[in-house]
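*Asks:* This structure is in structure tokens; I'll ask about it shortly.
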Amino acid sequence: MSKARLVITAVITEGRPVSEVARDYGAARSWVCTLLARYRAEGQAAFEPRSRRPGNSPNAVSGATVELIVWLRKELAGQGLDAGPHTICWHLCHHHQVTVSASTVSRCLARAGLVTAEPRKRPKSSYIRFAAEQPNECWQADFTHYRLAGGTGTEILTWLDDHSRYALRVTAHHRVTGPIVVAAFRAAGAQHGTPASTLTDIQAVFVPGKPRMVRPAV
């Protein structure tokens, strides 16, 4: 039984004074009076739990502002322009003299069904940076395809220290091959010392098998 029902029963059914009931139940006398007035006006509905949400919100965005936000979103997107919350806020402020926050614009767009939720593409663990504890503990190698201004393709091979992220050797080639990788590795080793291990891609030019971590052959 709720406290409100106990209080009203004590006053109405048992005929006890309001002050006494308020004292026995540890309630304010004004609250007991409010319950009694509600009971006399609503009957059993007075026992139902009531929401504490305010009847109105003075900071709520007006319907006209919501319509303007939706219109700006469609208008900017239709012109191929950025239509994000911050851009819409700028247009609202400078062209329509309306000031709202970017988070408010985001909520309005979401409620209007104009925002497509995208699942996180990468787990949080993938954002944790991996680094070797000591210099020359591990070297990494990879190559990048790059097209020159004249249209000629080239491949850039990089060896770097996984502790300092220092590029030990960067060379450009028409096509990276296994012998080129070995030669670049030996040249870097002659200058910086031999690493304890290397971490490379699984392409055949690096490792003719599945393991990614291999001991260098010097």
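A note on labels: chains of the structure tokens are A, B, ... as shown, every chain counts residues from 1, and ligands are counted from 1 in their shown order.
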Applying 9 Å and only C-alpha atoms, which residues near Leu92 (chain A) remain after dropping the ones on its own chain fewer than 4 positions away? List them as a tab-separated table (two decimals) with C-alpha atoms, in the first residue's frame.

*Replies:*
```tsv
chain	number	residue	atom	x	y	z
A	65	THR	CA	11.86	26.43	-35.81
A	68	LEU	CA	12.86	25.63	-40.58
A	69	ILE	CA	15.58	23.19	-39.49
A	72	LEU	CA	17.37	23.94	-44.31
A	87	THR	CA	26.11	24.42	-40.68
A	88	ILE	CA	22.37	24.57	-40.06
A	96	HIS	CA	16.87	33.71	-39.81
A	97	GLN	CA	17.95	35.25	-36.47
A	98	VAL	CA	17.27	31.98	-34.65
A	99	THR	CA	19.80	30.68	-32.13
A	100	VAL	CA	19.77	27.01	-31.15
```

*Asks:* Need to verify the contact set: Glu67 (chain A), 12 Å, only C-alpha atoms, exclusion of same-chain residues closer than 6 positions in sequence. Can you return it as a list in words?

*Replies:*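 The residues satisfying every condition are Val61, Arg73, Lys74, Leu92, Val105, Cys108, Leu109, Arg111 and Ala112 of chain A.
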
*Asks:* Selection from above, N, CA and C atoms, as an mmCIF file, in the first residue's frame, can you write it?

*Replies:*
```
data_model
loop_
_atom_site.group_PDB
_atom_site.id
_atom_site.type_symbol
_atom_site.label_atom_id
_atom_site.label_comp_id
_atom_site.auth_asym_id
_atom_site.auth_seq_id
_atom_site.Cartn_x
_atom_site.Cartn_y
_atom_site.Cartn_z
ATOM 1 N N VAL A 61 11.885 23.910 -28.411
ATOM 2 C CA VAL A 61 11.971 24.532 -29.729
ATOM 3 C C VAL A 61 10.568 24.606 -30.330
ATOM 4 N N ARG A 73 17.851 21.608 -43.889
ATOM 5 C CA ARG A 73 18.534 20.336 -44.126
ATOM 6 C C ARG A 73 18.303 19.863 -45.566
ATOM 7 N N LYS A 74 17.063 19.861 -45.981
ATOM 8 C CA LYS A 74 16.732 19.397 -47.325
ATOM 9 C C LYS A 74 17.278 20.345 -48.387
ATOM 10 N N LEU A 92 20.738 29.378 -39.461
ATOM 11 C CA LEU A 92 19.655 29.846 -38.601
ATOM 12 C C LEU A 92 19.999 31.184 -37.969
ATOM 13 N N VAL A 105 19.590 20.827 -32.935
ATOM 14 C CA VAL A 105 19.366 20.566 -34.356
ATOM 15 C C VAL A 105 19.462 19.072 -34.635
ATOM 16 N N CYS A 108 16.303 17.363 -33.565
ATOM 17 C CA CYS A 108 15.185 17.659 -34.474
ATOM 18 C C CYS A 108 15.301 16.847 -35.759
ATOM 19 N N LEU A 109 16.523 16.734 -36.279
ATOM 20 C CA LEU A 109 16.723 15.968 -37.510
ATOM 21 C C LEU A 109 16.455 14.491 -37.280
ATOM 22 N N ARG A 111 14.415 13.164 -35.024
ATOM 23 C CA ARG A 111 12.976 12.955 -34.862
ATOM 24 C C ARG A 111 12.240 13.030 -36.194
ATOM 25 N N ALA A 112 12.801 13.820 -37.121
ATOM 26 C CA ALA A 112 12.172 13.947 -38.436
ATOM 27 C C ALA A 112 12.579 12.811 -39.375
#
```

*Asks:* Would you mind telling me which residue in A:Gly189, A:His91, A:Pro135, A:Ala22 lies nearest to Glu75 (chain A) when using only C-alpha atoms?

*Replies:*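 The closest residue to Glu75 (chain A) is A:His91.
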
*Asks:* Please report as a Markdown table every residue of region 58-145 of chain A lying within 12 Å of region 150-157 of chain A, along with the nearest atom pair and their distance in Å (one decimal), using only C-alpha atoms.

*Replies:*
```
| residue | atom | partner | partner_atom | distance |
| --- | --- | --- | --- | --- |
| A:Gln140 | CA | A:Leu157 | CA | 10.7 |
| A:Ala141 | CA | A:Leu157 | CA | 7.3 |
| A:Asp142 | CA | A:Leu157 | CA | 6.0 |
| A:Phe143 | CA | A:Leu157 | CA | 4.2 |
| A:Thr144 | CA | A:Ile156 | CA | 5.2 |
| A:His145 | CA | A:Glu155 | CA | 4.5 |
```

*Asks:* Could you tell me, as a PyMOL selection string, which residues of region 62-188 of chain A DSSP assigns to helix (DSSP H, G or I) when given the backbone?

*Replies:* chain A and resi 63-78+85-96+102-111+124-127+178-188

*Asks:* Measuring atom to atom with only C-alpha atoms, identify which of A:Gly15, A:Gly80, A:Gly193, A:Pro85 is nearest to Trp139 (chain A).

*Replies:* A:Gly193

*Asks:* Which residue out of A:Thr104, A:Ala172, A:Arg5, A:Ala10 has the minimum interatomic distance to Ala45 (chain A) when only C-alpha atoms are used?

*Replies:*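 With only C-alpha atoms as the atom set, the closest residue is A:Arg5.
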
*Asks:* Find the residues near Asp24 (chain A): any atom within 12 Å, counting only C-alpha atoms, skip ones fewer than 3 places away on the same chain, and give them as a list in words.

*Replies:*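 Near neighbours after the sequence-gap exclusion: Lys3, Leu6, Val7, Ala10, Val11, Arg16, Pro17, Val18, Ser19, Glu20, Val21, Ala27, Ala28, Arg29 and Val32 of chain A.
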
*Asks:* Where in region 3-200 of chain A does DSSP assign strand (DSSP E), given as a PyMOL selection string?

*Replies:* chain A and resi 139-147+153-161+167-173+198-200

*Asks:* Near region 160-168 of chain A, within 12 Å and counting only C-alpha atoms, which residues show up once chain neighbours fewer than 5 positions away are dropped, as JSON, numbers by chain?

*Replies:* {"A": [129, 130, 131, 132, 133, 134, 135, 136, 137, 138, 139, 140, 141, 142, 143, 184, 185, 186, 187, 188, 189, 190, 191, 192, 193, 194, 195, 196, 197, 198, 199, 200]}

*Asks:* Can I get the selected residues back with C-alpha atoms, as a compact mmCIF listing (two decimals), in the first residue's frame?

*Replies:*
```txt
# COMPACT_ATOMS: atom_id res chain seq x y z
CA ARG A 129 47.98 2.62 -30.35
CA PHE A 130 50.41 -0.28 -30.45
CA ALA A 131 54.09 0.56 -30.00
CA ALA A 132 57.19 -1.45 -29.22
CA GLU A 133 58.77 -0.71 -25.84
CA GLN A 134 62.37 -0.44 -27.07
CA PRO A 135 64.11 0.89 -30.20
CA ASN A 136 64.84 -1.85 -32.74
CA GLU A 137 62.49 -4.17 -30.90
CA CYS A 138 60.25 -4.30 -33.97
CA TRP A 139 60.31 -2.75 -37.43
CA GLN A 140 57.26 -2.44 -39.65
CA ALA A 141 57.25 -2.41 -43.44
CA ASP A 142 54.63 -1.72 -46.06
CA PHE A 143 54.39 -0.13 -49.49
CA ALA A 184 66.04 -1.96 -48.34
CA PHE A 185 65.97 -3.88 -45.07
CA ARG A 186 69.70 -4.60 -45.16
CA ALA A 187 70.48 -0.98 -46.00
CA ALA A 188 68.39 0.23 -43.05
CA GLY A 189 70.00 -2.39 -40.81
CA ALA A 190 73.47 -1.28 -41.79
CA GLN A 191 72.61 2.26 -40.73
CA HIS A 192 70.45 1.65 -37.63
CA GLY A 193 71.25 -1.87 -36.46
CA THR A 194 69.33 -5.11 -36.83
CA PRO A 195 65.83 -5.27 -35.24
CA ALA A 196 64.73 -8.11 -33.00
CA SER A 197 61.73 -8.75 -35.25
CA THR A 198 59.73 -7.32 -38.13
CA LEU A 199 56.02 -6.84 -38.73
CA THR A 200 54.90 -6.78 -42.36
```

*Asks:* Expressed in Å to a single decimal, how great is the separation between CA of His95 (chain A) and CA of Thr116 (chain A)?

*Replies:*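 It comes out at 26.8 Å.
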
*Asks:* Using only C-alpha atoms, determine which residues lie at most 12 Å from Gln44 (chain A), disregarding the query and same-chain residues fewer than 5 positions distant; provide the list as a list in words.

*Replies:*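 These residues fall inside the cut-off: Ala4, Arg5, Ile8, Thr9, Leu35, Leu36, Arg38, Tyr39 and Pro49 of chain A.
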
*Asks:* Can you measure CA of Tyr146 (chain A) to CA of Arg175 (chain A) for me? One decimal in Å is fine.

*Replies:* 10.8 Å

*Asks:* In Å, with one decimal, what is the gap from CA of Ala102 (chain A) to CA of Cys89 (chain A)?

*Replies:* 6.3 Å
